[in-house]
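Student: Next up, data.txt (compact mmCIF, C-alpha atoms).
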```
# COMPACT_ATOMS: atom_id res chain seq x y z
CA MET L 1343 -19.03 17.87 39.92
CA GLU L 1344 -21.73 15.56 38.52
CA ASP L 1345 -19.81 12.46 39.67
CA ALA L 1346 -19.82 13.82 43.23
CA LEU L 1347 -23.53 14.55 42.98
CA PHE L 1348 -24.47 11.04 41.88
CA LEU L 1349 -22.18 9.45 44.48
CA TYR L 1350 -23.95 11.54 47.11
CA TRP L 1351 -27.34 10.49 45.72
CA LEU L 1352 -26.40 6.81 45.79
CA GLY L 1353 -24.94 7.00 49.31
CA ASN L 1354 -28.07 8.61 50.71
CA LEU L 1355 -30.68 6.21 49.35
CA LYS L 1356 -32.48 4.89 52.42
CA GLY L 1357 -32.29 1.16 52.95
CA ILE L 1358 -29.45 0.63 50.47
CA GLY L 1359 -26.25 -0.22 52.26
CA LEU L 1360 -22.70 -0.59 51.05
CA ARG L 1361 -23.11 -4.20 49.94
CA LYS L 1362 -25.98 -3.32 47.62
CA GLU L 1363 -24.19 -0.21 46.39
CA LYS L 1364 -21.35 -2.49 45.32
CA LEU L 1365 -23.78 -4.80 43.50
CA LEU L 1366 -25.23 -1.87 41.58
CA LEU L 1367 -21.84 -0.40 40.68
CA LYS L 1368 -20.56 -3.78 39.60
CA GLN L 1369 -23.33 -3.81 37.01
CA TRP L 1370 -23.27 -0.17 35.87
CA LYS L 1371 -19.77 1.06 36.80
CA SER L 1372 -20.97 4.57 37.66
CA PRO L 1373 -23.69 5.99 39.96
CA GLU L 1374 -25.00 8.19 37.14
CA LYS L 1375 -25.83 5.08 35.08
CA ILE L 1376 -27.65 3.62 38.08
CA TYR L 1377 -29.62 6.87 38.32
CA HIS L 1378 -30.78 6.48 34.72
CA ALA L 1379 -31.31 2.68 34.74
CA GLY L 1380 -34.80 1.37 33.94
CA LYS L 1381 -37.04 -0.61 36.26
CA ASP L 1382 -36.55 -3.88 34.39
CA GLU L 1383 -32.78 -3.42 34.39
CA LEU L 1384 -32.74 -2.81 38.15
CA GLU L 1385 -34.98 -5.79 38.89
CA SER L 1386 -32.65 -8.05 36.92
CA ILE L 1387 -29.81 -7.56 39.44
CA LYS L 1388 -29.55 -10.49 41.82
CA GLY L 1389 -29.66 -9.23 45.40
CA ILE L 1390 -31.61 -6.05 44.59
CA GLY L 1391 -35.21 -6.47 45.69
CA THR L 1392 -38.46 -4.73 44.82
CA LYS L 1393 -38.15 -2.37 47.79
CA GLU L 1394 -34.70 -1.20 46.72
CA VAL L 1395 -35.83 -0.75 43.12
CA GLN L 1396 -38.75 1.38 44.28
CA THR L 1397 -36.41 3.49 46.46
CA ILE L 1398 -34.13 4.17 43.47
CA LEU L 1399 -36.99 5.01 41.12
CA SER L 1400 -38.72 7.33 43.62
CA SER L 1401 -35.55 9.26 44.50
CA ARG L 1402 -34.69 10.64 41.09
CA ASP L 1403 -34.93 14.34 41.79
CA LYS L 1404 -31.27 15.21 41.53
CA GLU L 1405 -31.94 18.88 42.24
CA VAL L 1406 -32.97 17.94 45.77
CA TYR L 1407 -29.62 16.22 46.27
CA ARG L 1408 -27.76 19.04 44.53
CA LYS L 1409 -29.19 21.53 47.04
CA GLN L 1410 -28.23 19.26 49.93
CA LEU L 1411 -24.70 18.93 48.62
CA GLU L 1412 -24.42 22.68 48.11
CA LYS L 1413 -25.58 23.25 51.68
CA LEU L 1414 -22.82 20.93 52.90
CA ARG L 1415 -20.24 22.89 50.92
CA GLN L 1416 -21.50 26.17 52.38
CA LYS L 1417 -21.01 24.69 55.85
CA LYS L 1418 -17.55 23.45 54.81
CA ILE L 1419 -18.63 19.85 55.35
CA ARG L 1420 -17.00 17.24 53.14
CA TYR L 1421 -18.91 14.23 51.86
CA ILE L 1422 -16.64 11.23 51.26
CA SER L 1423 -18.21 8.17 49.64
CA TYR L 1424 -16.65 4.73 50.01
CA PHE L 1425 -16.09 4.93 46.25
CA ASP L 1426 -14.35 8.32 46.47
CA GLU L 1427 -10.58 8.34 45.94
CA ASN L 1428 -10.22 10.37 49.15
CA TYR L 1429 -11.91 7.73 51.31
CA PRO L 1430 -9.38 6.57 53.98
CA GLU L 1431 -7.71 3.40 52.73
CA LYS L 1432 -7.37 2.03 56.27
CA LEU L 1433 -11.17 2.02 56.57
CA ARG L 1434 -11.58 0.07 53.34
CA GLN L 1435 -9.70 -2.80 54.97
CA ILE L 1436 -11.92 -3.25 58.03
CA PRO L 1437 -15.00 -5.45 58.40
CA LYS L 1438 -18.18 -3.41 57.87
CA PRO L 1439 -16.60 -0.14 56.71
CA PRO L 1440 -18.89 2.91 56.71
CA LYS L 1441 -20.43 3.54 53.29
CA HIS L 1442 -19.59 7.22 53.61
CA LEU L 1443 -18.14 9.84 55.92
CA TYR L 1444 -18.98 13.45 56.60
CA GLY L 1445 -16.04 15.58 57.63
CA LYS L 1446 -15.05 19.04 58.80
CA GLY L 1447 -11.41 20.00 58.48
CA GLU L 1448 -8.89 17.50 57.14
CA LEU L 1449 -8.69 13.74 56.73
CA PRO L 1450 -5.84 11.76 58.33
CA ASP L 1451 -2.68 11.56 56.23
CA PRO L 1452 -2.35 7.90 55.15
CA ALA L 1453 1.46 8.22 55.05
CA LYS L 1454 1.72 9.01 58.78
CA VAL L 1455 1.49 6.70 61.78
CA THR L 1456 -1.89 7.09 63.46
CA ILE L 1457 -2.77 6.05 67.02
CA SER L 1458 -6.23 6.00 68.58
CA ILE L 1459 -6.38 6.85 72.29
CA VAL L 1460 -9.50 5.92 74.24
CA GLY L 1461 -10.49 5.27 77.83
CA ALA L 1462 -12.84 6.01 80.70
CA ARG L 1463 -15.07 9.06 80.71
CA ASP L 1464 -14.86 9.34 84.50
CA CYS L 1465 -11.08 9.04 84.49
CA THR L 1466 -8.76 9.70 87.41
CA CYS L 1467 -6.21 12.53 87.55
CA TYR L 1468 -3.58 9.92 86.69
CA GLY L 1469 -5.53 8.79 83.62
CA ARG L 1470 -6.04 12.40 82.56
CA ASP L 1471 -2.31 13.12 82.82
CA MET L 1472 -1.38 9.96 80.92
CA ALA L 1473 -3.82 10.64 78.07
CA ARG L 1474 -2.65 14.22 77.77
CA MET L 1475 1.04 13.32 77.97
CA PHE L 1476 0.82 10.46 75.46
CA GLY L 1477 -1.25 12.63 73.11
CA TYR L 1478 1.26 15.47 73.44
CA ARG L 1479 4.44 13.47 72.90
CA LEU L 1480 3.09 11.26 70.14
CA ALA L 1481 1.74 14.29 68.28
CA LYS L 1482 5.00 16.15 68.83
CA ALA L 1483 6.75 13.29 67.03
CA GLY L 1484 4.38 13.57 64.07
CA VAL L 1485 1.95 10.78 65.01
CA GLN L 1486 -1.70 11.53 64.27
CA ILE L 1487 -4.10 11.08 67.21
CA VAL L 1488 -7.67 9.79 66.77
CA SER L 1489 -10.29 9.64 69.52
CA GLY L 1490 -13.99 10.17 70.14
CA MET L 1491 -14.08 13.62 71.82
CA ALA L 1492 -15.93 12.17 74.82
CA LYS L 1493 -15.37 13.49 78.32
CA GLY L 1494 -12.40 12.05 80.16
CA ILE L 1495 -9.58 10.23 78.38
CA ASP L 1496 -10.77 11.03 74.84
CA GLY L 1497 -10.91 14.76 75.44
CA TRP L 1498 -7.53 14.87 77.21
CA ALA L 1499 -5.88 12.86 74.43
CA HIS L 1500 -7.14 15.41 71.88
CA GLN L 1501 -6.00 18.26 74.15
CA GLY L 1502 -2.50 16.81 74.47
CA ALA L 1503 -2.21 16.40 70.70
CA LEU L 1504 -3.30 20.01 70.16
CA GLU L 1505 -0.76 21.24 72.70
CA GLY L 1506 1.89 19.19 70.92
CA GLY L 1507 1.11 21.01 67.68
CA GLY L 1508 0.10 17.80 65.92
CA LYS L 1509 -2.94 16.61 64.02
CA THR L 1510 -5.87 15.11 65.88
CA PHE L 1511 -9.16 13.70 64.59
CA ALA L 1512 -12.45 13.15 66.42
CA VAL L 1513 -14.94 10.50 65.31
CA LEU L 1514 -18.38 11.36 66.66
CA GLY L 1515 -21.40 9.29 67.67
CA CYS L 1516 -23.56 12.04 66.13
CA GLY L 1517 -23.41 14.32 63.10
CA VAL L 1518 -20.42 16.60 62.50
CA GLU L 1519 -22.56 19.71 63.03
CA VAL L 1520 -23.45 18.54 66.54
CA CYS L 1521 -20.89 19.20 69.27
CA TYR L 1522 -21.27 16.35 71.74
CA PRO L 1523 -20.75 16.71 74.60
CA PRO L 1524 -21.65 20.43 74.42
CA VAL L 1525 -18.98 21.32 77.02
CA HIS L 1526 -16.34 20.43 74.43
CA ARG L 1527 -17.24 23.28 72.07
CA ARG L 1528 -13.81 24.93 72.31
CA LEU L 1529 -12.12 21.57 71.85
CA TYR L 1530 -14.36 20.83 68.85
CA ASP L 1531 -13.41 24.13 67.20
CA SER L 1532 -9.71 23.54 67.86
CA ILE L 1533 -9.85 20.04 66.36
CA VAL L 1534 -11.48 21.39 63.18
CA ARG L 1535 -8.59 23.86 62.83
CA GLN L 1536 -5.84 21.37 63.71
CA GLY L 1537 -7.16 18.11 62.26
CA GLY L 1538 -10.72 17.07 61.55
CA ILE L 1539 -14.15 15.97 62.78
CA LEU L 1540 -15.60 12.83 61.19
CA SER L 1541 -18.85 10.88 61.33
CA GLU L 1542 -20.79 8.38 59.26
CA PHE L 1543 -24.07 10.00 60.36
CA ALA L 1544 -25.82 12.88 58.59
CA PRO L 1545 -24.51 16.27 59.80
CA TYR L 1546 -27.36 17.24 62.15
CA THR L 1547 -27.97 13.76 63.61
CA GLY L 1548 -28.19 13.85 67.41
CA ALA L 1549 -26.17 11.57 69.67
CA LYS L 1550 -27.75 8.22 70.59
CA PRO L 1551 -26.36 5.42 72.79
CA ALA L 1552 -26.48 2.94 69.90
CA PHE L 1553 -24.27 5.18 67.75
CA PHE L 1554 -21.21 5.06 70.02
CA PRO L 1555 -20.33 1.37 69.58
CA MET L 1556 -20.73 1.96 65.83
CA ARG L 1557 -18.29 4.87 65.80
CA ASN L 1558 -15.74 2.84 67.82
CA ARG L 1559 -14.94 0.66 64.80
CA ILE L 1560 -14.07 3.84 62.86
CA ILE L 1561 -11.87 5.18 65.68
CA SER L 1562 -9.80 1.99 65.60
CA GLY L 1563 -10.16 1.54 61.84
CA LEU L 1564 -8.45 4.85 61.06
CA ALA L 1565 -5.42 3.95 63.17
CA ASP L 1566 -2.41 1.67 63.04
CA GLY L 1567 -2.84 0.92 66.72
CA ILE L 1568 -5.06 1.78 69.66
CA LEU L 1569 -4.00 2.82 73.16
CA ILE L 1570 -6.31 2.10 76.10
CA VAL L 1571 -5.92 4.44 79.10
CA GLU L 1572 -8.07 3.34 82.06
CA ALA L 1573 -11.02 1.04 81.49
CA ARG L 1574 -13.46 -0.74 83.76
CA GLU L 1575 -14.06 -4.46 83.42
CA LYS L 1576 -17.06 -3.65 81.21
CA SER L 1577 -16.58 -0.45 79.27
CA GLY L 1578 -16.92 1.10 75.82
CA SER L 1579 -13.13 1.20 75.57
CA LEU L 1580 -13.07 -2.60 75.52
CA ILE L 1581 -15.51 -2.51 72.59
CA SER L 1582 -12.93 -0.37 70.80
CA ALA L 1583 -10.21 -2.86 71.73
CA ASP L 1584 -12.31 -5.76 70.39
CA ALA L 1585 -12.92 -3.84 67.16
CA ALA L 1586 -9.19 -3.15 66.85
CA LEU L 1587 -8.35 -6.83 67.31
CA GLU L 1588 -10.96 -7.84 64.72
CA GLN L 1589 -9.39 -5.33 62.33
CA GLY L 1590 -5.87 -6.65 62.94
CA LYS L 1591 -4.69 -3.48 64.70
CA ASP L 1592 -2.07 -3.26 67.44
CA VAL L 1593 -3.54 -2.87 70.94
CA PHE L 1594 -1.46 -0.98 73.52
CA VAL L 1595 -2.41 -0.60 77.17
CA ILE L 1596 -1.16 1.56 80.03
CA PRO L 1597 -1.03 -0.80 83.03
CA GLY L 1598 -2.98 0.17 86.13
CA ARG L 1599 -2.71 -0.54 89.83
CA ILE L 1600 -4.22 -3.87 90.84
CA GLY L 1601 -7.48 -3.33 92.69
CA ASP L 1602 -8.34 -0.02 91.09
CA GLU L 1603 -11.73 -0.20 89.38
CA LEU L 1604 -10.51 1.74 86.33
CA SER L 1605 -7.52 -0.57 85.93
CA VAL L 1606 -9.37 -3.88 85.72
CA GLY L 1607 -10.15 -3.65 82.00
CA CYS L 1608 -6.62 -2.53 81.11
CA ASN L 1609 -4.87 -5.21 83.14
CA ARG L 1610 -7.23 -7.85 81.76
CA LEU L 1611 -6.28 -6.86 78.21
CA ILE L 1612 -2.60 -7.25 79.07
CA CYS L 1613 -3.31 -10.76 80.38
CA GLN L 1614 -5.00 -11.49 77.05
CA GLY L 1615 -1.97 -10.41 75.03
CA ALA L 1616 -2.23 -6.61 74.60
CA ILE L 1617 1.07 -4.71 74.57
CA PRO L 1618 1.84 -2.89 77.85
CA VAL L 1619 3.50 0.51 77.42
CA LEU L 1620 5.29 2.59 80.03
CA SER L 1621 5.99 5.69 77.95
CA PRO L 1622 5.14 7.22 74.55
CA GLY L 1623 8.62 6.15 73.50
CA ASP L 1624 7.49 2.51 73.63
CA ILE L 1625 4.90 3.20 70.92
CA LEU L 1626 7.26 5.37 68.87
CA ASN L 1627 9.96 2.69 68.98
CA TYR L 1628 7.41 0.06 67.93
CA TYR L 1629 6.68 1.98 64.73
CA GLY L 1630 10.21 3.27 64.20
CA VAL L 1631 9.27 6.92 64.76
CA GLU L 1632 11.89 9.24 66.23
CA GLU L 1633 10.73 11.23 69.23
CA TYR L 1634 10.83 15.00 69.18
CA ARG L 1635 13.57 16.21 71.47
CA ASN L 1636 12.60 19.16 73.61
CA ASN L 1637 15.55 21.45 74.34
CA ILE L 1638 13.64 23.32 77.04
CA GLU L 1639 16.13 22.15 79.70
CA GLU L 1640 18.70 24.50 78.19
CA THR L 1641 16.52 27.49 79.19
CA LEU L 1642 16.15 26.51 82.86
CA SER L 1643 17.46 28.57 85.77
CA GLY L 1644 20.24 27.27 87.99
CA GLU L 1645 17.76 26.45 90.77
CA GLU L 1646 15.54 24.49 88.36
CA LYS L 1647 18.51 22.54 87.03
CA ASN L 1648 19.64 21.69 90.56
CA ILE L 1649 16.16 20.43 91.46
CA LEU L 1650 16.05 18.28 88.32
CA SER L 1651 19.48 16.86 89.13
CA VAL L 1652 18.26 15.32 92.41
CA LEU L 1653 15.01 13.93 90.98
CA GLY L 1654 14.68 10.53 89.37
CA THR L 1655 12.01 7.87 89.07
CA LYS L 1656 11.79 7.47 92.86
CA PRO L 1657 9.27 9.96 94.33
CA LEU L 1658 10.79 12.60 96.64
CA HIS L 1659 8.94 14.94 98.99
CA THR L 1660 9.50 18.67 98.68
CA VAL L 1661 11.19 18.61 102.13
CA GLN L 1662 13.71 16.06 100.86
CA ILE L 1663 14.31 18.03 97.66
CA ALA L 1664 14.76 21.30 99.59
CA ALA L 1665 17.33 19.69 101.86
CA ALA L 1666 19.25 18.27 98.88
CA VAL L 1667 19.46 21.56 96.96
CA LYS L 1668 19.75 23.77 100.06
CA LEU L 1669 16.76 25.98 99.26
CA GLN L 1670 13.65 26.91 101.22
CA GLU L 1671 10.76 24.52 100.72
CA THR L 1672 8.45 27.30 99.45
CA THR L 1673 11.01 28.22 96.79
CA VAL L 1674 11.42 24.57 95.79
CA PHE L 1675 7.66 24.13 95.51
CA LYS L 1676 7.35 27.17 93.21
CA ARG L 1677 10.15 25.87 90.99
CA LEU L 1678 8.55 22.43 90.91
CA LEU L 1679 5.25 23.91 89.75
CA GLY L 1680 7.11 25.62 86.91
CA LEU L 1681 8.89 22.40 85.99
CA LYS L 1682 5.58 20.54 86.13
CA GLU L 1683 4.06 23.05 83.70
CA LYS L 1684 7.01 22.42 81.37
CA LYS L 1685 6.32 18.67 81.66
CA LEU L 1686 9.75 17.99 83.16
CA VAL L 1687 8.46 16.70 86.50
CA ARG L 1688 5.30 14.97 87.61
CA GLU L 1689 3.53 15.09 90.98
CA ILE L 1690 2.80 11.48 91.93
CA SER L 1691 0.89 12.38 95.08
CA ARG L 1692 0.63 15.47 97.25
CA SER L 1693 4.09 17.11 97.40
CA TYR L 1694 5.85 14.01 96.01
CA PHE L 1695 7.56 14.51 92.65
CA VAL L 1696 9.45 12.45 90.07
CA ARG L 1697 11.37 13.52 87.00
CA VAL L 1698 9.78 12.89 83.60
CA VAL L 1699 12.28 10.95 81.56
CA HIS L 1700 12.52 12.22 77.96
CA GLU L 1701 14.18 9.86 75.51
CA LYS L 1702 17.09 11.57 73.76
CA PHE L 1703 16.01 11.50 70.13
CA LYS L 1704 16.73 14.12 67.51
CA GLU L 1705 14.03 16.58 66.49
CA ASN L 1706 11.51 15.19 64.00
```
Written as structure tokens, that's how I'd like the structure from this file.

Tutor:
Amino acid sequence: MEDALFLYWLGNLKGIGLRKEKLLLKQWKSPEKIYHAGKDELESIKGIGTKEVQTILSSRDKEVYRKQLEKLRQKKIRYISYFDENYPEKLRQIPKPPKHLYGKGELPDPAKVTISIVGARDCTCYGRDMARMFGYRLAKAGVQIVSGMAKGIDGWAHQGALEGGGKTFAVLGCGVEVCYPPVHRRLYDSIVRQGGILSEFAPYTGAKPAFFPMRNRIISGLADGILIVEAREKSGSLISADAALEQGKDVFVIPGRIGDELSVGCNRLICQGAIPVLSPGDILNYYGVEEYRNNIEETLSGEEKNILSVLGTKPLHTVQIAAAVKLQETTVFKRLLGLKEKKLVREISRSYFVRVVHEKFKEN
């Protein structure tokens, strides 16, 4: 209990970053000893200036910090110092790791493959479907999904992971007690129950533009690889990709149509050496993870099975499908909507459908 208190005290001293925390702990081995160190002892540490010494000496009311820590516990907010054994090991390995994290819910399981999914806020319907589908199928296979809970691709990636029954984690550009954007309140609550919310900022800190590039290094840092779904030539997603490359992470990209504004950033990354992926199976195969096999096809009606049998990767219009299965077009369209809801077919454009190909792997 006291160790946690003094770690919290040390991590919340203003103007003392991780580098200087390390200098102090190298000398005294424990934050409690730093708390009790004398002025002369503190001034003798190379790299610790007069301002830092004054900050330490003037912040020695541990009851203030005890009350703050107790308030966090009442709100079910975890405080994880860089020096805590529960601090994510993946983050320790990145340049400029956060000196601490605040969290609601769980932390990512270090033994499981983790993928970050990011992309455009103003995504297209295609981007939305891809983020949701990749999130769903990766999570279904046991892969943890990390994103930033922003509108667009981030939110849909979280949603897909939740629908897949997997774990998903949101890294915020604000405090964990602030739901940003506010329209994602239900999503926020679901993520807390089925994963976790994380931030390096104090719990009630509001969102600021400068905070989002900072949180991007944590989004990529927590993962084994990052997937970019739709990105303009200049976008925040490319900042995440740059952070991932700097951290030595794998960068995956869903290719886009040449000429589309939201495909320029993605296609540019592929030209620069990012790994193009055409299905979640590409990522699962890369990490040697077996895909969850959905046996839903065994529950289909005869009409649904017949419709699936004529569909492939080439888009067919409902008129063509109706002629092939000898059913009325209205009946075919209703069955297609049901199959679409079951994620067995996809509508490429108005009334044109293709079959979703599910790799035949055993259940995870």

Student: Using all atoms listed in the file, find each residue of stretch 1391-1496 of chain L with at least one atom at most 8 Å away from an atom of stretch 1582-1597 of chain L; report its shortest atom-to-atom pair and that distance in Å (one decimal), sort the rows by chain and rising residue number, and return the result as a Markdown table.

Tutor:
```
| residue | atom | partner | partner_atom | distance |
| --- | --- | --- | --- | --- |
| L:Gln1435 | CA | L:Gln1589 | CA | 7.8 |
| L:Ile1436 | CA | L:Gln1589 | CA | 5.4 |
| L:Pro1437 | CA | L:Gln1589 | CA | 6.9 |
| L:Val1460 | CA | L:Ser1582 | CA | 7.9 |
```

Student: Residues at most 6 Å from L:Ile1539, counting all atoms listed in the file, excluding those fewer than 6 positions away in the same chain, as a ChimeraX atom specification?

Tutor: /L:1445-1446,1511-1512

Student: Which residues come within 9 Å of L:Cys1521, counting all atoms listed in the file, excluding same-chain residues fewer than 6 positions away, as a list in words?

Tutor: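 Once the nearby chain positions are removed, what remains is Leu1514, Arg1527 and Tyr1530 of chain L.
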
Student: Find, counting all atoms listed in the file, the residue in L:Lys1418, L:Lys1409, L:His1378, L:Arg1479 that gets nearest to L:Ile1625.

Tutor: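 Using all atoms listed in the file, the shortest distance to L:Ile1625 belongs to L:Arg1479.
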
Student: Quote the spacing between atom CA of L:Arg1559 and atom CA of L:Ala1492 in Å to one decimal place.

Tutor: 15.3 Å

Student: Counting only C-alpha atoms, which of L:Gly1391, L:Ile1457, L:Val1513, L:Arg1688 gets nearest to L:Pro1622?

Tutor: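 The closest residue to L:Pro1622 is L:Ile1457.
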
Student: What does the distance between atom CA of L:Glu1431 and atom CA of L:Met1475 come to in Å, to one decimal place?

Tutor: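 So the two atoms, atom CA of L:Glu1431 and atom CA of L:Met1475, lie 28.5 Å apart.
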
Student: As an exercise, work out the distance from atom CA of L:Arg1402 to atom CA of L:Gly1548 in Å and give it to one decimal place.

Tutor: 27.3 Å
